[in-house]
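For reference, the structure discussed in these notes is given below.
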Amino acid sequence: MTLKECKKEEKADREFQKKFKFEGNIKVLTQMMVDPAATEKRGGGKNLPLRRGEILDVIQFTNQEQILCRNSQRRYGYVPRAAMLHL
């Protein structure tokens with residue numbers, strides 16, 4: 001990883017912590033997959049765009065309906081639990 005990429009990731013993490021009022025270190029709890037049968041959704045606001053079969057890092061189980069996740073492009077957002085499958 002180059003210095004430029006490292007700084008870019010650090011900036012993205014700081015923006016995530018500010019936007020979602022997340023305190024402490026960002027730790028991946030587990031990985032889950034978007035249900036291949038789920039409809040693809042565009043992200044908006046604090047929601048993460050969904051692509052069928054995509055593997056997401058779970059950052060926080062927020063409530064019964066949503067999970068806070070990170071995708072492979074290091075974008076953060078909420079994902080409906082109903083659209084997720086355990087690996």
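Following the order of the structure tokens, first chain is A, next is B, and so on, with residues numbered from 1 inside each chain and ligands from 1 in the order they appear.
Excluding stretch 4-19 of chain A and any residue on its chain fewer than 6 positions from it, the residues at most 9 Å away by only C-alpha atoms are Ile26, Lys46, Arg74, Arg75, Tyr76 and Gly77 of chain A.
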Query raised in the report: Skipping near chain neighbours, those fewer than 4 positions away, what residues fall within 10 Å of A:Gln64 using only C-alpha atoms, listed as a ChimeraX atom specification?
Result: /A:80-82
Saved selection, atoms kept: N, CA and C atoms, as a short mmCIF file (atom, residue, chain, number, x, y, z; two decimals), in the first residue's frame:
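Result saved to part.cif:
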data_model
loop_
_atom_site.label_atom_id
_atom_site.label_comp_id
_atom_site.auth_asym_id
_atom_site.auth_seq_id
_atom_site.Cartn_x
_atom_site.Cartn_y
_atom_site.Cartn_z
N PRO A 80 -30.22 -3.26 4.88
CA PRO A 80 -31.30 -3.98 5.54
C PRO A 80 -30.88 -5.42 5.89
N ARG A 81 -31.19 -5.86 7.10
CA ARG A 81 -30.83 -7.21 7.52
C ARG A 81 -31.49 -8.26 6.64
N ALA A 82 -32.69 -7.96 6.14
CA ALA A 82 -33.43 -8.93 5.33
C ALA A 82 -32.68 -9.26 4.02
#
Query raised in the report: So which bits of stretch 4-54 of chain A end up strand (DSSP E or B) when you DSSP the backbone, as a ChimeraX atom specification?
Result: /A:30-34,41,44,47,50
Query - Long-range neighbours of A:Ala83 as a PyMOL selection string, 12 Å cut-off, only C-alpha atoms, 3 positions minimum in chain - result: chain A and resi 32-41+48-56+65-67+78-80+86
Restrict the selected residues to C-alpha atoms and save them as a compact mmCIF listing (two decimals), in the first residue's frame.
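Result file is out36.txt:
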# COMPACT_ATOMS: atom_id res chain seq x y z
CA MET A 32 -21.93 -11.23 5.16
CA MET A 33 -23.18 -11.59 1.61
CA VAL A 34 -25.99 -9.68 -0.07
CA ASP A 35 -28.73 -12.16 -0.96
CA PRO A 36 -28.43 -13.11 -4.66
CA ALA A 37 -32.26 -13.03 -4.85
CA ALA A 38 -32.47 -9.50 -3.39
CA THR A 39 -33.25 -6.55 -5.61
CA GLU A 40 -30.31 -4.27 -6.28
CA LYS A 41 -30.70 -0.86 -4.66
CA LEU A 48 -25.09 1.59 1.06
CA PRO A 49 -25.77 0.60 -2.56
CA LEU A 50 -26.51 -3.13 -2.86
CA ARG A 51 -25.28 -5.51 -5.53
CA ARG A 52 -26.39 -9.13 -5.54
CA GLY A 53 -23.81 -11.55 -4.17
CA GLU A 54 -21.51 -8.79 -2.90
CA ILE A 55 -19.50 -9.57 0.26
CA LEU A 56 -19.72 -6.80 2.89
CA GLU A 65 -33.72 -3.87 10.68
CA GLN A 66 -30.28 -2.56 9.71
CA ILE A 67 -26.58 -3.36 9.80
CA TYR A 78 -26.68 0.93 6.37
CA VAL A 79 -27.96 -2.28 4.80
CA PRO A 80 -31.30 -3.98 5.54
CA HIS A 86 -24.32 -15.33 6.65
Requested in this report: Point out the residue among A:Thr2, A:Gly45, A:Leu85, A:Gln31 with the least atom-to-atom distance to A:Asn71, counting only C-alpha atoms.
Outcome: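 Among A:Thr2, A:Gly45, A:Leu85, A:Gln31, it is A:Gln31 that comes nearest to A:Asn71.
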Query raised in the report: Residues at most 9 Å from A:Val58, counting only C-alpha atoms, excluding those fewer than 4 positions away in the same chain, as a PyMOL selection string?
Result: chain A and resi 27-32+67-70
Mind dumping the selected residues with all heavy atoms as a PDB file, in the first residue's frame?
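As a result, result30.pdb now contains:
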ATOM      1  N   LYS A  27     -13.733  -1.836  13.657  1.00  0.00           N
ATOM      2  CA  LYS A  27     -13.395  -3.259  13.649  1.00  0.00           C
ATOM      3  C   LYS A  27     -14.439  -4.014  12.836  1.00  0.00           C
ATOM      4  O   LYS A  27     -15.629  -3.762  12.966  1.00  0.00           O
ATOM      5  CB  LYS A  27     -13.384  -3.825  15.068  1.00  0.00           C
ATOM      6  CG  LYS A  27     -12.336  -3.223  15.961  1.00  0.00           C
ATOM      7  CD  LYS A  27     -12.418  -3.806  17.343  1.00  0.00           C
ATOM      8  CE  LYS A  27     -11.482  -3.078  18.277  1.00  0.00           C
ATOM      9  NZ  LYS A  27     -11.681  -3.466  19.669  1.00  0.00           N
ATOM     10  N   VAL A  28     -13.967  -4.937  12.019  1.00  0.00           N
ATOM     11  CA  VAL A  28     -14.877  -5.776  11.251  1.00  0.00           C
ATOM     12  C   VAL A  28     -15.315  -6.926  12.148  1.00  0.00           C
ATOM     13  O   VAL A  28     -14.486  -7.702  12.617  1.00  0.00           O
ATOM     14  CB  VAL A  28     -14.190  -6.307   9.972  1.00  0.00           C
ATOM     15  CG1 VAL A  28     -15.100  -7.266   9.232  1.00  0.00           C
ATOM     16  CG2 VAL A  28     -13.781  -5.157   9.076  1.00  0.00           C
ATOM     17  N   LEU A  29     -16.631  -7.006  12.409  1.00  0.00           N
ATOM     18  CA  LEU A  29     -17.161  -8.065  13.266  1.00  0.00           C
ATOM     19  C   LEU A  29     -17.255  -9.383  12.515  1.00  0.00           C
ATOM     20  O   LEU A  29     -16.924 -10.435  13.043  1.00  0.00           O
ATOM     21  CB  LEU A  29     -18.543  -7.671  13.800  1.00  0.00           C
ATOM     22  CG  LEU A  29     -18.601  -6.373  14.592  1.00  0.00           C
ATOM     23  CD1 LEU A  29     -20.043  -6.058  14.979  1.00  0.00           C
ATOM     24  CD2 LEU A  29     -17.728  -6.474  15.835  1.00  0.00           C
ATOM     25  N   THR A  30     -17.731  -9.324  11.283  1.00  0.00           N
ATOM     26  CA  THR A  30     -17.881 -10.513  10.447  1.00  0.00           C
ATOM     27  C   THR A  30     -18.096 -10.051   9.007  1.00  0.00           C
ATOM     28  O   THR A  30     -18.170  -8.860   8.746  1.00  0.00           O
ATOM     29  CB  THR A  30     -19.067 -11.389  10.919  1.00  0.00           C
ATOM     30  OG1 THR A  30     -19.090 -12.599  10.177  1.00  0.00           O
ATOM     31  CG2 THR A  30     -20.389 -10.674  10.766  1.00  0.00           C
ATOM     32  N   GLN A  31     -18.192 -11.007   8.115  1.00  0.00           N
ATOM     33  CA  GLN A  31     -18.522 -10.701   6.735  1.00  0.00           C
ATOM     34  C   GLN A  31     -19.834 -11.378   6.388  1.00  0.00           C
ATOM     35  O   GLN A  31     -20.097 -12.493   6.833  1.00  0.00           O
ATOM     36  CB  GLN A  31     -17.436 -11.177   5.771  1.00  0.00           C
ATOM     37  CG  GLN A  31     -16.168 -10.366   5.850  1.00  0.00           C
ATOM     38  CD  GLN A  31     -15.198 -10.755   4.759  1.00  0.00           C
ATOM     39  OE1 GLN A  31     -15.070 -11.923   4.412  1.00  0.00           O
ATOM     40  NE2 GLN A  31     -14.511  -9.773   4.215  1.00  0.00           N
ATOM     41  N   MET A  32     -20.651 -10.688   5.605  1.00  0.00           N
ATOM     42  CA  MET A  32     -21.931 -11.234   5.161  1.00  0.00           C
ATOM     43  C   MET A  32     -22.081 -10.958   3.669  1.00  0.00           C
ATOM     44  O   MET A  32     -21.423 -10.070   3.130  1.00  0.00           O
ATOM     45  CB  MET A  32     -23.080 -10.606   5.944  1.00  0.00           C
ATOM     46  CG  MET A  32     -23.059 -10.949   7.421  1.00  0.00           C
ATOM     47  SD  MET A  32     -24.393 -10.194   8.349  1.00  0.00           S
ATOM     48  CE  MET A  32     -25.683 -11.392   8.082  1.00  0.00           C
ATOM     49  N   ILE A  67     -27.963  -3.059   9.416  1.00  0.00           N
ATOM     50  CA  ILE A  67     -26.585  -3.358   9.798  1.00  0.00           C
ATOM     51  C   ILE A  67     -25.703  -2.282   9.172  1.00  0.00           C
ATOM     52  O   ILE A  67     -25.915  -1.886   8.026  1.00  0.00           O
ATOM     53  CB  ILE A  67     -26.146  -4.738   9.251  1.00  0.00           C
ATOM     54  CG1 ILE A  67     -27.095  -5.842   9.693  1.00  0.00           C
ATOM     55  CG2 ILE A  67     -24.728  -5.057   9.685  1.00  0.00           C
ATOM     56  CD1 ILE A  67     -26.830  -7.163   9.008  1.00  0.00           C
ATOM     57  N   LEU A  68     -24.709  -1.827   9.911  1.00  0.00           N
ATOM     58  CA  LEU A  68     -23.747  -0.866   9.379  1.00  0.00           C
ATOM     59  C   LEU A  68     -22.617  -1.657   8.728  1.00  0.00           C
ATOM     60  O   LEU A  68     -21.973  -2.482   9.383  1.00  0.00           O
ATOM     61  CB  LEU A  68     -23.217   0.024  10.504  1.00  0.00           C
ATOM     62  CG  LEU A  68     -22.284   1.156  10.123  1.00  0.00           C
ATOM     63  CD1 LEU A  68     -22.921   2.081   9.099  1.00  0.00           C
ATOM     64  CD2 LEU A  68     -21.876   1.941  11.353  1.00  0.00           C
ATOM     65  N   CYS A  69     -22.402  -1.438   7.424  1.00  0.00           N
ATOM     66  CA  CYS A  69     -21.447  -2.240   6.658  1.00  0.00           C
ATOM     67  C   CYS A  69     -20.483  -1.371   5.859  1.00  0.00           C
ATOM     68  O   CYS A  69     -20.695  -0.183   5.677  1.00  0.00           O
ATOM     69  CB  CYS A  69     -22.185  -3.152   5.680  1.00  0.00           C
ATOM     70  SG  CYS A  69     -23.219  -4.383   6.453  1.00  0.00           S
ATOM     71  N   ARG A  70     -19.427  -2.052   5.354  1.00  0.00           N
ATOM     72  CA  ARG A  70     -18.450  -1.427   4.458  1.00  0.00           C
ATOM     73  C   ARG A  70     -18.296  -2.339   3.247  1.00  0.00           C
ATOM     74  O   ARG A  70     -18.177  -3.552   3.391  1.00  0.00           O
ATOM     75  CB  ARG A  70     -17.111  -1.281   5.179  1.00  0.00           C
ATOM     76  CG  ARG A  70     -15.985  -0.764   4.313  1.00  0.00           C
ATOM     77  CD  ARG A  70     -14.722  -0.577   5.087  1.00  0.00           C
ATOM     78  NE  ARG A  70     -14.190  -1.867   5.532  1.00  0.00           N
ATOM     79  CZ  ARG A  70     -13.256  -2.005   6.459  1.00  0.00           C
ATOM     80  NH1 ARG A  70     -12.764  -0.965   7.077  1.00  0.00           N
ATOM     81  NH2 ARG A  70     -12.830  -3.199   6.798  1.00  0.00           N
TER      82      ARG A  70
END
**Report entry** helix (DSSP H, G or I) positions in chain A, given as a list in words
**Finding:**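 Filtering chain A down to helix (DSSP H, G or I) leaves Leu3, Lys4, Glu5, Cys6, Lys7, Lys8, Glu9, Glu10, Lys11, Ala12, Asp13, Arg14, Glu15, Phe16, Gln17, Lys18, Lys19, Arg81, Ala82 and Ala83 of chain A.
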With N, CA, C and O atoms retained, could you export that selection as a tab-separated table (two decimals), in the first residue's frame?
chain	number	residue	atom	x	y	z
A	3	LEU	N	1.73	5.34	0.39
A	3	LEU	CA	1.41	6.36	1.39
A	3	LEU	C	0.14	7.10	1.01
A	3	LEU	O	-0.71	7.39	1.86
A	4	LYS	N	-0.03	7.38	-0.28
A	4	LYS	CA	-1.22	8.09	-0.76
A	4	LYS	C	-2.49	7.28	-0.49
A	4	LYS	O	-3.50	7.81	-0.03
A	5	GLU	N	-2.44	5.97	-0.77
A	5	GLU	CA	-3.60	5.10	-0.53
A	5	GLU	C	-3.91	5.01	0.96
A	5	GLU	O	-5.07	5.01	1.36
A	6	CYS	N	-2.88	4.94	1.78
A	6	CYS	CA	-3.05	4.86	3.23
A	6	CYS	C	-3.74	6.12	3.76
A	6	CYS	O	-4.67	6.03	4.56
A	7	LYS	N	-3.30	7.27	3.30
A	7	LYS	CA	-3.91	8.53	3.74
A	7	LYS	C	-5.35	8.64	3.28
A	7	LYS	O	-6.21	9.14	3.99
A	8	LYS	N	-5.63	8.14	2.07
A	8	LYS	CA	-6.98	8.17	1.54
A	8	LYS	C	-7.91	7.31	2.39
A	8	LYS	O	-9.03	7.69	2.69
A	9	GLU	N	-7.43	6.13	2.81
A	9	GLU	CA	-8.22	5.25	3.67
A	9	GLU	C	-8.46	5.89	5.03
A	9	GLU	O	-9.56	5.80	5.57
A	10	GLU	N	-7.45	6.51	5.59
A	10	GLU	CA	-7.58	7.18	6.88
A	10	GLU	C	-8.62	8.30	6.79
A	10	GLU	O	-9.44	8.48	7.70
A	11	LYS	N	-8.60	9.05	5.70
A	11	LYS	CA	-9.57	10.14	5.51
A	11	LYS	C	-10.98	9.58	5.41
A	11	LYS	O	-11.92	10.11	6.02
A	12	ALA	N	-11.14	8.49	4.65
A	12	ALA	CA	-12.46	7.86	4.51
A	12	ALA	C	-12.97	7.36	5.87
A	12	ALA	O	-14.15	7.51	6.19
A	13	ASP	N	-12.08	6.80	6.68
A	13	ASP	CA	-12.47	6.32	8.00
A	13	ASP	C	-12.89	7.48	8.91
A	13	ASP	O	-13.86	7.36	9.65
A	14	ARG	N	-12.17	8.60	8.85
A	14	ARG	CA	-12.54	9.77	9.66
A	14	ARG	C	-13.90	10.32	9.24
A	14	ARG	O	-14.73	10.67	10.08
A	15	GLU	N	-14.14	10.38	7.92
A	15	GLU	CA	-15.42	10.86	7.43
A	15	GLU	C	-16.56	9.94	7.87
A	15	GLU	O	-17.64	10.40	8.23
A	16	PHE	N	-16.31	8.63	7.84
A	16	PHE	CA	-17.29	7.66	8.30
A	16	PHE	C	-17.63	7.89	9.76
A	16	PHE	O	-18.80	7.93	10.15
A	17	GLN	N	-16.61	8.06	10.61
A	17	GLN	CA	-16.84	8.25	12.03
A	17	GLN	C	-17.63	9.52	12.30
A	17	GLN	O	-18.49	9.55	13.17
A	18	LYS	N	-17.39	10.55	11.52
A	18	LYS	CA	-18.12	11.81	11.69
A	18	LYS	C	-19.57	11.66	11.22
A	18	LYS	O	-20.50	12.06	11.91
A	19	LYS	N	-19.77	11.07	10.04
A	19	LYS	CA	-21.11	10.95	9.45
A	19	LYS	C	-22.02	10.07	10.28
A	19	LYS	O	-23.20	10.37	10.48
A	81	ARG	N	-31.19	-5.86	7.10
A	81	ARG	CA	-30.83	-7.21	7.52
A	81	ARG	C	-31.49	-8.26	6.64
A	81	ARG	O	-30.91	-9.33	6.41
A	82	ALA	N	-32.69	-7.96	6.14
A	82	ALA	CA	-33.43	-8.93	5.33
A	82	ALA	C	-32.68	-9.26	4.02
A	82	ALA	O	-32.89	-10.33	3.45
A	83	ALA	N	-31.81	-8.38	3.58
A	83	ALA	CA	-31.08	-8.59	2.32
A	83	ALA	C	-29.75	-9.29	2.52
A	83	ALA	O	-29.02	-9.49	1.56
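Here atom CA of A:Gln73 stands at a distance of 20.2 Å from atom CA of A:Phe61.
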